[in-house]
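Step one of this worksheet: look at the structure below.
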Number of protein chains: 2
Amino acid sequence: MVSKKQQEILNFINKNIEIKGYSPTVREICKEVNLKSTSTVQYHLNKLINLGFLQKSNNISRSIQSLNMKSKYSIPILGEISAGQPLIAEENYIGELPYFGKERNNELIALKINGDSMIEAGLFDDDLVVIDKSIMPTDGDIGAFLINNTEATVKYIDTIEKKKYLIPANKNYNNLIVDENISSIGKVISLFRDM
Amino acid sequence: MVSKKQQEILNFINKNIEIKGYSPTVREICKEVNLKSTSTVQYHLNKLINLGFLQKSNNISRSIQSLNMKSKYSIPILGEISAGQPLIAEENYIGELPYFGKERNNELIALKINGDSMIEAGLFDDDLVVIDKSIMPTDGDIGAFLINNTEATVKYIDTIEKKKYLIPANKNYNNLIVDENISSIGKVISLFRDM
DNA sequence: CTTTTTATCGAACATTTGTACTATAATTAA
DNA sequence: TTAATTATAGTACAAATGTTCGATAAAAAG
(Lines give C-alpha, C1' and ligand atoms only; values in the text may rest on other atoms or scores of the structure.)
Protein backbone atom coordinates (compact mmCIF):
# COMPACT_ATOMS: atom_id res chain seq x y z
CA MET A 1 0.00 0.00 0.00
CA VAL A 2 1.75 3.11 1.22
CA SER A 3 5.47 2.70 0.83
CA LYS A 4 7.98 4.15 3.24
CA LYS A 5 8.82 6.95 0.83
CA GLN A 6 5.17 7.74 0.34
CA GLN A 7 4.58 7.89 4.07
CA GLU A 8 7.54 10.24 4.31
CA ILE A 9 6.04 12.45 1.62
CA LEU A 10 2.65 12.37 3.30
CA ASN A 11 4.15 13.36 6.62
CA PHE A 12 6.07 16.23 5.10
CA ILE A 13 3.00 17.55 3.32
CA ASN A 14 0.95 17.41 6.49
CA LYS A 15 3.67 19.05 8.53
CA ASN A 16 4.21 21.75 5.93
CA ILE A 17 0.53 22.59 5.70
CA GLU A 18 0.22 22.67 9.45
CA ILE A 19 3.25 24.84 10.08
CA LYS A 20 3.33 27.12 7.06
CA GLY A 21 -0.33 27.12 6.17
CA TYR A 22 0.13 26.04 2.57
CA SER A 23 1.20 22.92 0.78
CA PRO A 24 4.75 22.39 -0.47
CA THR A 25 5.74 22.31 -4.14
CA VAL A 26 6.95 19.22 -5.90
CA ARG A 27 10.50 20.49 -5.67
CA GLU A 28 10.24 21.24 -1.99
CA ILE A 29 9.10 17.68 -1.45
CA CYS A 30 12.04 16.53 -3.54
CA LYS A 31 14.52 18.15 -1.25
CA GLU A 32 12.87 17.07 1.94
CA VAL A 33 12.59 13.39 1.14
CA ASN A 34 15.92 13.21 -0.71
CA LEU A 35 14.70 12.53 -4.18
CA LYS A 36 16.61 13.99 -7.09
CA SER A 37 13.87 14.07 -9.62
CA THR A 38 10.60 15.96 -9.57
CA SER A 39 9.03 13.27 -11.62
CA THR A 40 9.68 10.71 -8.93
CA VAL A 41 7.73 12.89 -6.57
CA GLN A 42 4.96 13.22 -9.14
CA TYR A 43 4.94 9.48 -9.37
CA HIS A 44 4.44 9.07 -5.63
CA LEU A 45 1.97 11.92 -5.52
CA ASN A 46 -0.19 10.19 -8.08
CA LYS A 47 -0.08 7.00 -6.06
CA LEU A 48 -1.11 8.83 -2.94
CA ILE A 49 -3.93 10.54 -4.80
CA ASN A 50 -5.18 7.23 -6.13
CA LEU A 51 -5.01 5.77 -2.67
CA GLY A 52 -7.21 8.61 -1.48
CA PHE A 53 -4.70 10.21 0.83
CA LEU A 54 -4.19 13.35 -1.17
CA GLN A 55 -6.06 15.60 -3.50
CA LYS A 56 -4.85 18.31 -5.84
CA SER A 57 -5.89 20.59 -8.65
CA ASN A 58 -4.17 20.31 -12.01
CA ASN A 59 -1.60 22.91 -12.94
CA ILE A 60 -2.19 24.82 -9.77
CA SER A 61 0.75 25.43 -7.53
CA ARG A 62 0.65 24.40 -3.91
CA SER A 63 -2.78 22.88 -4.31
CA ILE A 64 -2.06 19.58 -2.62
CA GLN A 65 -4.52 18.83 0.12
CA SER A 66 -4.26 16.11 2.69
CA LEU A 67 -7.44 14.17 3.16
CA ASN A 68 -6.38 11.88 5.94
CA MET A 69 -5.28 14.76 8.11
CA LYS A 70 -7.89 15.19 10.74
CA SER A 71 -9.05 18.62 11.76
CA LYS A 72 -6.30 20.16 13.78
CA TYR A 73 -8.02 19.88 17.07
CA SER A 74 -10.55 17.17 16.53
CA ILE A 75 -11.23 14.70 19.28
CA PRO A 76 -11.97 11.02 18.84
CA ILE A 77 -15.48 10.12 19.90
CA LEU A 78 -15.62 6.77 21.62
CA GLY A 79 -18.80 4.79 21.90
CA GLU A 80 -19.57 1.82 24.04
CA ILE A 81 -16.56 0.24 25.60
CA SER A 82 -16.43 -3.44 24.73
CA ALA A 83 -15.09 -5.90 27.23
CA GLY A 84 -11.37 -5.97 27.55
CA GLN A 85 -10.77 -3.41 24.86
CA PRO A 86 -8.61 -0.52 25.89
CA LEU A 87 -10.55 2.69 25.90
CA ILE A 88 -8.79 4.10 22.90
CA ALA A 89 -9.12 0.98 20.80
CA GLU A 90 -10.19 1.45 17.21
CA GLU A 91 -13.21 -0.70 17.89
CA ASN A 92 -14.74 1.93 20.09
CA TYR A 93 -14.15 4.78 17.72
CA ILE A 94 -17.36 6.20 16.34
CA GLY A 95 -16.28 9.55 14.98
CA GLU A 96 -14.51 12.81 15.47
CA LEU A 97 -15.67 15.82 17.38
CA PRO A 98 -14.08 18.99 16.06
CA TYR A 99 -12.76 20.99 18.91
CA PHE A 100 -11.36 24.44 19.25
CA GLY A 101 -9.36 25.08 22.29
CA LYS A 102 -5.82 24.91 23.40
CA GLU A 103 -3.71 22.41 21.59
CA ARG A 104 -3.99 19.49 23.87
CA ASN A 105 -5.43 17.08 21.45
CA ASN A 106 -3.97 13.94 22.88
CA GLU A 107 -5.47 14.39 26.25
CA LEU A 108 -9.01 14.85 25.06
CA ILE A 109 -11.62 12.31 24.10
CA ALA A 110 -15.35 12.53 23.72
CA LEU A 111 -17.87 10.05 25.04
CA LYS A 112 -21.50 9.68 24.20
CA ILE A 113 -23.78 9.76 27.21
CA ASN A 114 -25.83 6.61 27.48
CA GLY A 115 -28.96 6.73 29.60
CA ASP A 116 -30.38 9.28 31.96
CA SER A 117 -28.38 8.76 35.13
CA MET A 118 -27.01 12.32 34.95
CA ILE A 119 -30.14 14.02 33.74
CA GLU A 120 -30.41 16.36 36.72
CA ALA A 121 -26.95 17.67 35.93
CA GLY A 122 -28.12 18.47 32.44
CA LEU A 123 -26.38 15.55 30.77
CA PHE A 124 -28.93 13.94 28.52
CA ASP A 125 -28.98 10.71 26.60
CA ASP A 126 -26.87 11.00 23.44
CA ASP A 127 -25.09 14.14 24.56
CA LEU A 128 -21.37 14.20 23.89
CA VAL A 129 -19.09 15.03 26.77
CA VAL A 130 -15.47 16.05 26.28
CA ILE A 131 -13.11 14.45 28.74
CA ASP A 132 -9.69 15.70 29.66
CA LYS A 133 -7.67 12.63 30.49
CA SER A 134 -4.97 14.73 32.06
CA ILE A 135 -7.24 15.98 34.82
CA MET A 136 -8.20 13.58 37.58
CA PRO A 137 -11.74 14.40 38.69
CA THR A 138 -11.90 15.50 42.31
CA ASP A 139 -14.76 15.89 44.76
CA GLY A 140 -17.68 17.69 43.19
CA ASP A 141 -16.44 17.20 39.63
CA ILE A 142 -18.19 15.29 36.94
CA GLY A 143 -15.83 12.66 35.65
CA ALA A 144 -15.68 9.68 33.35
CA PHE A 145 -14.89 6.35 34.97
CA LEU A 146 -14.16 2.87 33.85
CA ILE A 147 -15.88 0.04 35.67
CA ASN A 148 -14.23 -3.40 35.54
CA ASN A 149 -12.27 -2.22 32.54
CA THR A 150 -15.32 -2.83 30.46
CA GLU A 151 -17.84 -0.11 30.91
CA ALA A 152 -17.44 3.63 30.83
CA THR A 153 -19.71 5.83 32.87
CA VAL A 154 -20.05 9.51 33.59
CA LYS A 155 -20.87 10.50 37.16
CA TYR A 156 -20.24 12.99 39.91
CA ILE A 157 -17.50 11.97 42.28
CA ASP A 158 -17.57 12.92 45.94
CA THR A 159 -16.58 11.83 49.41
CA ILE A 160 -19.32 10.75 51.83
CA GLU A 161 -18.25 9.78 55.32
CA LYS A 162 -14.66 9.39 54.19
CA LYS A 163 -15.59 7.10 51.33
CA LYS A 164 -15.44 7.96 47.64
CA TYR A 165 -18.60 7.51 45.64
CA LEU A 166 -19.69 7.85 42.06
CA ILE A 167 -22.93 9.75 42.32
CA PRO A 168 -25.55 9.88 39.60
CA ALA A 169 -27.70 12.97 39.16
CA ASN A 170 -30.95 11.07 39.12
CA LYS A 171 -32.88 9.86 42.16
CA ASN A 172 -33.68 6.58 40.47
CA TYR A 173 -30.05 5.51 40.53
CA ASN A 174 -27.82 4.58 43.41
CA ASN A 175 -24.42 5.77 44.43
CA LEU A 176 -21.56 3.48 43.55
CA ILE A 177 -18.69 3.09 45.95
CA VAL A 178 -15.29 3.53 44.39
CA ASP A 179 -13.21 0.40 44.76
CA GLU A 180 -10.41 -1.25 42.84
CA ASN A 181 -12.79 -2.11 40.01
CA ILE A 182 -13.28 1.51 39.22
CA SER A 183 -10.68 3.67 37.56
CA SER A 184 -10.84 7.25 36.51
CA ILE A 185 -10.64 8.22 32.86
CA GLY A 186 -10.65 11.96 33.27
CA LYS A 187 -12.65 15.02 34.02
CA VAL A 188 -15.64 16.13 31.98
CA ILE A 189 -14.86 19.61 30.74
CA SER A 190 -17.56 20.36 28.25
CA LEU A 191 -20.72 19.13 26.70
CA PHE A 192 -22.17 19.17 23.22
CA ARG A 193 -25.73 18.40 22.25
CA ASP A 194 -27.25 18.21 18.80
CA MET A 195 -30.98 18.66 18.69
CA MET B 1 -8.71 51.88 7.11
CA VAL B 2 -9.87 49.07 4.91
CA SER B 3 -11.22 50.39 1.65
CA LYS B 4 -14.09 48.82 -0.19
CA LYS B 5 -11.75 47.21 -2.69
CA GLN B 6 -9.58 45.88 0.08
CA GLN B 7 -12.58 44.37 1.82
CA GLU B 8 -13.54 42.78 -1.46
CA ILE B 9 -10.09 41.31 -1.82
CA LEU B 10 -10.12 40.11 1.76
CA ASN B 11 -13.47 38.43 1.30
CA PHE B 12 -12.34 36.71 -1.87
CA ILE B 13 -9.18 35.42 -0.26
CA ASN B 14 -11.13 34.07 2.69
CA LYS B 15 -13.73 32.48 0.46
CA ASN B 16 -11.10 30.96 -1.79
CA ILE B 17 -9.16 29.47 1.07
CA GLU B 18 -12.33 28.16 2.60
CA ILE B 19 -13.69 26.58 -0.54
CA LYS B 20 -10.58 25.46 -2.39
CA GLY B 21 -8.24 24.98 0.52
CA TYR B 22 -5.50 27.23 -0.78
CA SER B 23 -5.05 30.92 -1.33
CA PRO B 24 -5.59 32.57 -4.71
CA THR B 25 -2.82 34.04 -6.84
CA VAL B 26 -2.44 37.72 -7.49
CA ARG B 27 -3.91 37.25 -10.94
CA GLU B 28 -6.87 35.30 -9.65
CA ILE B 29 -7.61 38.14 -7.30
CA CYS B 30 -7.28 40.54 -10.22
CA LYS B 31 -10.02 38.83 -12.14
CA GLU B 32 -12.34 38.42 -9.20
CA VAL B 33 -12.30 42.02 -8.05
CA ASN B 34 -12.13 43.49 -11.55
CA LEU B 35 -8.69 44.99 -11.46
CA LYS B 36 -6.64 44.99 -14.64
CA SER B 37 -3.22 45.18 -13.13
CA THR B 38 -1.49 42.70 -10.91
CA SER B 39 0.43 45.52 -9.34
CA THR B 40 -2.77 47.13 -8.12
CA VAL B 41 -3.52 43.95 -6.30
CA GLN B 42 0.00 43.90 -4.91
CA TYR B 43 -0.60 47.41 -3.72
CA HIS B 44 -3.73 46.44 -1.82
CA LEU B 45 -2.17 43.25 -0.58
CA ASN B 46 0.65 45.24 1.00
CA LYS B 47 -1.86 47.52 2.65
CA LEU B 48 -3.76 44.59 4.05
CA ILE B 49 -0.56 43.03 5.30
CA ASN B 50 0.44 46.25 7.03
CA LEU B 51 -2.98 46.49 8.59
CA GLY B 52 -2.47 43.01 9.97
CA PHE B 53 -5.24 41.33 8.05
CA LEU B 54 -3.03 39.22 5.86
CA GLN B 55 0.30 37.50 5.95
CA LYS B 56 2.40 36.03 3.18
CA SER B 57 5.78 34.63 2.32
CA ASN B 58 7.91 36.37 -0.28
CA ASN B 59 8.19 34.84 -3.72
CA ILE B 60 6.06 31.91 -2.72
CA SER B 61 2.95 31.23 -4.70
CA ARG B 62 -0.40 30.98 -2.98
CA SER B 63 1.13 31.78 0.36
CA ILE B 64 -1.35 34.42 1.43
CA GLN B 65 -2.86 33.68 4.79
CA SER B 66 -5.79 35.41 6.36
CA LEU B 67 -5.29 36.39 9.96
CA ASN B 68 -8.62 37.94 10.70
CA MET B 69 -10.47 35.00 9.24
CA LYS B 70 -12.44 33.51 11.98
CA SER B 71 -12.53 29.78 12.37
CA LYS B 72 -14.10 28.26 9.32
CA TYR B 73 -17.57 28.11 10.65
CA SER B 74 -17.53 30.28 13.70
CA ILE B 75 -20.74 31.77 14.94
CA PRO B 76 -21.20 35.13 16.63
CA ILE B 77 -22.21 34.83 20.25
CA LEU B 78 -24.71 37.45 21.28
CA GLY B 79 -25.25 38.40 24.86
CA GLU B 80 -28.02 40.43 26.36
CA ILE B 81 -30.15 42.25 23.89
CA SER B 82 -30.29 45.92 24.71
CA ALA B 83 -33.46 47.87 24.12
CA GLY B 84 -34.06 48.78 20.54
CA GLN B 85 -30.83 47.28 19.29
CA PRO B 86 -31.24 44.86 16.45
CA LEU B 87 -30.29 41.37 17.48
CA ILE B 88 -27.16 41.29 15.38
CA ALA B 89 -25.89 44.66 16.53
CA GLU B 90 -22.24 44.89 17.39
CA GLU B 91 -23.19 45.99 20.87
CA ASN B 92 -24.54 42.57 21.68
CA TYR B 93 -21.58 40.69 20.37
CA ILE B 94 -19.66 38.91 23.10
CA GLY B 95 -17.56 36.42 21.18
CA GLU B 96 -17.30 33.69 18.62
CA LEU B 97 -18.30 30.07 18.96
CA PRO B 98 -16.32 27.83 16.64
CA TYR B 99 -18.68 25.53 14.84
CA PHE B 100 -18.26 22.63 12.51
CA GLY B 101 -21.22 21.72 10.50
CA LYS B 102 -22.60 22.45 7.12
CA GLU B 103 -21.58 25.78 5.70
CA ARG B 104 -24.50 27.89 6.70
CA ASN B 105 -22.64 30.43 8.67
CA ASN B 106 -24.89 33.38 8.09
CA GLU B 107 -27.94 31.72 9.45
CA LEU B 108 -26.42 30.72 12.75
CA ILE B 109 -25.96 32.66 15.93
CA ALA B 110 -25.27 31.59 19.46
CA LEU B 111 -27.01 32.89 22.56
CA LYS B 112 -26.04 32.50 26.16
CA ILE B 113 -28.74 31.00 28.31
CA ASN B 114 -29.66 33.31 31.14
CA GLY B 115 -31.43 31.79 34.13
CA ASP B 116 -32.94 28.42 34.78
CA SER B 117 -36.27 28.57 33.00
CA MET B 118 -35.28 25.70 30.70
CA ILE B 119 -33.44 23.62 33.22
CA GLU B 120 -35.65 20.57 32.84
CA ALA B 121 -34.83 20.49 29.16
CA GLY B 122 -31.18 20.38 30.06
CA LEU B 123 -30.45 24.00 29.20
CA PHE B 124 -28.53 25.43 32.10
CA ASP B 125 -27.53 28.94 33.05
CA ASP B 126 -24.56 30.08 30.95
CA ASP B 127 -24.95 27.34 28.38
CA LEU B 128 -24.56 28.44 24.79
CA VAL B 129 -27.28 27.49 22.36
CA VAL B 130 -26.82 27.63 18.62
CA ILE B 131 -29.77 29.06 16.78
CA ASP B 132 -30.58 28.54 13.13
CA LYS B 133 -32.33 31.70 12.04
CA SER B 134 -33.50 30.04 8.86
CA ILE B 135 -35.66 27.54 10.71
CA MET B 136 -38.88 28.76 12.29
CA PRO B 137 -39.45 26.77 15.45
CA THR B 138 -42.64 24.74 15.30
CA ASP B 139 -44.67 22.97 17.96
CA GLY B 140 -42.47 20.96 20.26
CA ASP B 141 -39.30 22.69 19.22
CA ILE B 142 -37.07 24.73 21.42
CA GLY B 143 -36.69 28.14 19.88
CA ALA B 144 -35.26 31.56 20.54
CA PHE B 145 -37.75 34.40 20.70
CA LEU B 146 -37.63 38.12 20.94
CA ILE B 147 -40.01 39.81 23.35
CA ASN B 148 -40.93 43.44 22.71
CA ASN B 149 -37.88 43.68 20.50
CA THR B 150 -35.79 44.04 23.60
CA GLU B 151 -35.31 40.74 25.31
CA ALA B 152 -34.29 37.40 23.90
CA THR B 153 -35.50 34.20 25.48
CA VAL B 154 -35.22 30.51 24.79
CA LYS B 155 -38.33 28.39 25.31
CA TYR B 156 -40.37 25.51 24.02
CA ILE B 157 -43.12 26.54 21.67
CA ASP B 158 -46.40 24.65 21.47
CA THR B 159 -50.11 24.98 20.82
CA ILE B 160 -52.51 24.60 23.74
CA GLU B 161 -56.21 24.82 22.96
CA LYS B 162 -55.50 26.44 19.64
CA LYS B 163 -53.27 29.10 21.12
CA LYS B 164 -49.49 29.35 20.75
CA TYR B 165 -47.44 29.48 23.93
CA LEU B 166 -43.84 29.84 24.88
CA ILE B 167 -43.33 27.16 27.48
CA PRO B 168 -40.49 27.06 29.96
CA ALA B 169 -39.08 23.77 31.16
CA ASN B 170 -39.33 24.67 34.83
CA LYS B 171 -42.40 24.42 37.00
CA ASN B 172 -41.59 27.72 38.68
CA TYR B 173 -42.19 29.65 35.49
CA ASN B 174 -45.37 30.34 33.61
CA ASN B 175 -46.31 29.88 30.00
CA LEU B 176 -46.28 32.99 27.88
CA ILE B 177 -48.90 33.45 25.22
CA VAL B 178 -47.53 34.36 21.83
CA ASP B 179 -48.86 37.71 20.68
CA GLU B 180 -47.65 40.48 18.44
CA ASN B 181 -44.98 41.45 20.97
CA ILE B 182 -43.21 38.18 20.46
CA SER B 183 -41.27 37.31 17.36
CA SER B 184 -39.31 34.20 16.54
CA ILE B 185 -35.55 34.38 16.10
CA GLY B 186 -34.95 30.79 15.07
CA LYS B 187 -34.73 27.21 16.17
CA VAL B 188 -32.26 25.95 18.74
CA ILE B 189 -30.22 23.27 17.04
CA SER B 190 -27.44 22.55 19.42
CA LEU B 191 -25.98 23.29 22.78
CA PHE B 192 -22.54 23.81 24.17
CA ARG B 193 -21.52 23.86 27.79
CA ASP B 194 -18.16 24.57 29.29
CA MET B 195 -17.63 23.20 32.77
C1' DC C 1 -6.03 75.74 -7.09
C1' DT C 2 -2.04 73.25 -6.00
C1' DT C 3 -0.08 69.44 -3.54
C1' DT C 4 -0.33 65.04 -1.60
C1' DT C 5 -2.19 60.74 -1.09
C1' DT C 6 -4.60 56.90 -2.87
C1' DA C 7 -5.77 53.94 -6.54
C1' DT C 8 -5.14 52.08 -11.02
C1' DC C 9 -2.92 50.38 -15.32
C1' DG C 10 0.47 48.25 -18.46
C1' DA C 11 4.36 46.01 -19.44
C1' DA C 12 8.38 43.47 -18.62
C1' DC C 13 11.16 40.19 -16.04
C1' DA C 14 12.85 36.46 -13.33
C1' DT C 15 11.60 32.66 -10.96
C1' DT C 16 8.76 29.21 -9.49
C1' DT C 17 6.24 25.46 -10.55
C1' DG C 18 3.55 21.58 -12.68
C1' DT C 19 4.05 18.34 -16.21
C1' DA C 20 5.78 15.22 -19.81
C1' DC C 21 9.11 12.14 -21.85
C1' DT C 22 12.78 8.96 -21.86
C1' DA C 23 16.01 6.03 -19.73
C1' DT C 24 17.51 2.98 -15.93
C1' DA C 25 17.82 0.64 -11.77
C1' DA C 26 15.73 -2.22 -8.26
C1' DT C 27 12.42 -5.24 -6.85
C1' DT C 28 8.91 -8.66 -7.36
C1' DA C 29 6.22 -12.11 -9.79
C1' DA C 30 5.82 -15.86 -12.95
C1' DT D 1 15.65 -16.69 -15.70
C1' DT D 2 12.58 -13.77 -17.73
C1' DA D 3 8.92 -10.60 -17.55
C1' DA D 4 6.46 -7.24 -15.12
C1' DT D 5 6.13 -3.90 -11.75
C1' DT D 6 7.91 -0.35 -8.91
C1' DA D 7 11.05 3.33 -7.99
C1' DT D 8 14.29 6.75 -9.42
C1' DA D 9 16.84 10.17 -12.28
C1' DG D 10 17.56 13.66 -15.75
C1' DT D 11 16.09 16.95 -18.81
C1' DA D 12 13.26 20.04 -21.00
C1' DC D 13 9.23 22.95 -21.59
C1' DA D 14 5.27 25.70 -21.05
C1' DA D 15 2.59 27.90 -17.94
C1' DA D 16 1.85 30.04 -13.65
C1' DT D 17 3.28 33.42 -10.56
C1' DG D 18 5.45 37.13 -7.62
C1' DT D 19 7.69 41.34 -8.26
C1' DT D 20 9.26 45.78 -9.99
C1' DC D 21 9.09 50.18 -12.46
C1' DG D 22 7.05 54.00 -14.61
C1' DA D 23 3.02 56.49 -15.86
C1' DT D 24 -1.64 58.29 -14.82
C1' DA D 25 -5.91 59.04 -12.95
C1' DA D 26 -8.90 60.06 -8.98
C1' DA D 27 -9.68 61.70 -4.57
C1' DA D 28 -8.46 64.19 -0.53
C1' DA D 29 -6.00 67.71 1.86
C1' DG D 30 -3.88 72.08 2.19
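We label chains A, B, ... in the order they appear in the C-alpha coordinates, count residues from 1 in each chain, and number ligands from 1 in the order shown.
Near chain C, within 12 Å and counting only C-alpha atoms (C1' of nucleotides), the residues of chain A are A:Pro24, A:Thr25, A:Val26, A:Arg27, A:Glu28, A:Thr38, A:Ser39, A:Thr40, A:Val41, A:Gln42, A:Tyr43, A:Lys56, A:Ser57, A:Asn58, A:Asn59, A:Ile60, A:Ser61, A:Arg62, A:Ser63, A:Ile64.
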Please identify all residues of chain A having at least one atom at most 9 Å from any atom of chain B, considering only C-alpha atoms, and return them as an MDAnalysis selection string.
chainID A and resid 20:23 61:65 97:100 119:124 142 188:195
task: Taking only C-alpha atoms (C1' of nucleotides) into account, report as a PyMOL selection string which residues of chain D lie within 8 Å of chain A.
output: chain D and resi 7-10+16
Could the residues in this selection be saved with N, CA and C atoms (P, O5', C5', C4', C3', O3' and C1' of nucleotides) as a tab-separated table (two decimals), in the first residue's frame?
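As a result, out-v4.tsv now contains:
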chain	number	residue	atom	x	y	z
D	7	DA	P	6.77	1.64	-5.38
D	7	DA	O5'	8.17	2.21	-5.86
D	7	DA	C5'	9.35	1.56	-5.42
D	7	DA	C4'	10.56	2.30	-5.97
D	7	DA	C3'	10.53	3.81	-5.73
D	7	DA	O3'	11.72	4.16	-5.04
D	7	DA	C1'	11.05	3.33	-7.99
D	8	DT	P	11.97	5.65	-4.59
D	8	DT	O5'	12.88	6.24	-5.74
D	8	DT	C5'	14.15	5.63	-6.00
D	8	DT	C4'	14.75	6.21	-7.26
D	8	DT	C3'	14.82	7.73	-7.30
D	8	DT	O3'	16.14	8.14	-7.03
D	8	DT	C1'	14.29	6.75	-9.42
D	9	DA	P	16.50	9.67	-7.02
D	9	DA	O5'	16.94	9.90	-8.53
D	9	DA	C5'	17.89	9.01	-9.11
D	9	DA	C4'	18.20	9.47	-10.52
D	9	DA	C3'	18.40	10.97	-10.67
D	9	DA	O3'	19.66	11.19	-11.27
D	9	DA	C1'	16.84	10.17	-12.28
D	10	DG	P	20.33	12.63	-11.33
D	10	DG	O5'	20.07	13.09	-12.82
D	10	DG	C5'	20.07	12.11	-13.86
D	10	DG	C4'	19.62	12.76	-15.16
D	10	DG	C3'	19.77	14.28	-15.18
D	10	DG	O3'	20.42	14.66	-16.39
D	10	DG	C1'	17.56	13.66	-15.75
D	16	DA	P	-1.46	28.67	-17.26
D	16	DA	O5'	-0.64	28.90	-15.90
D	16	DA	C5'	-0.24	27.76	-15.17
D	16	DA	C4'	0.42	28.20	-13.88
D	16	DA	C3'	-0.31	29.29	-13.10
D	16	DA	O3'	-0.15	28.97	-11.73
D	16	DA	C1'	1.85	30.04	-13.65
Shortest contact to Tyr165 in chain A, candidates A:Gly186, A:Gly52, A:Gly143, A:Gly115, atoms counted only C-alpha atoms, goes to A:Gly143
From CA of Phe53 in chain A to CA of Lys15 in chain B the spacing works out at 24.0 Å
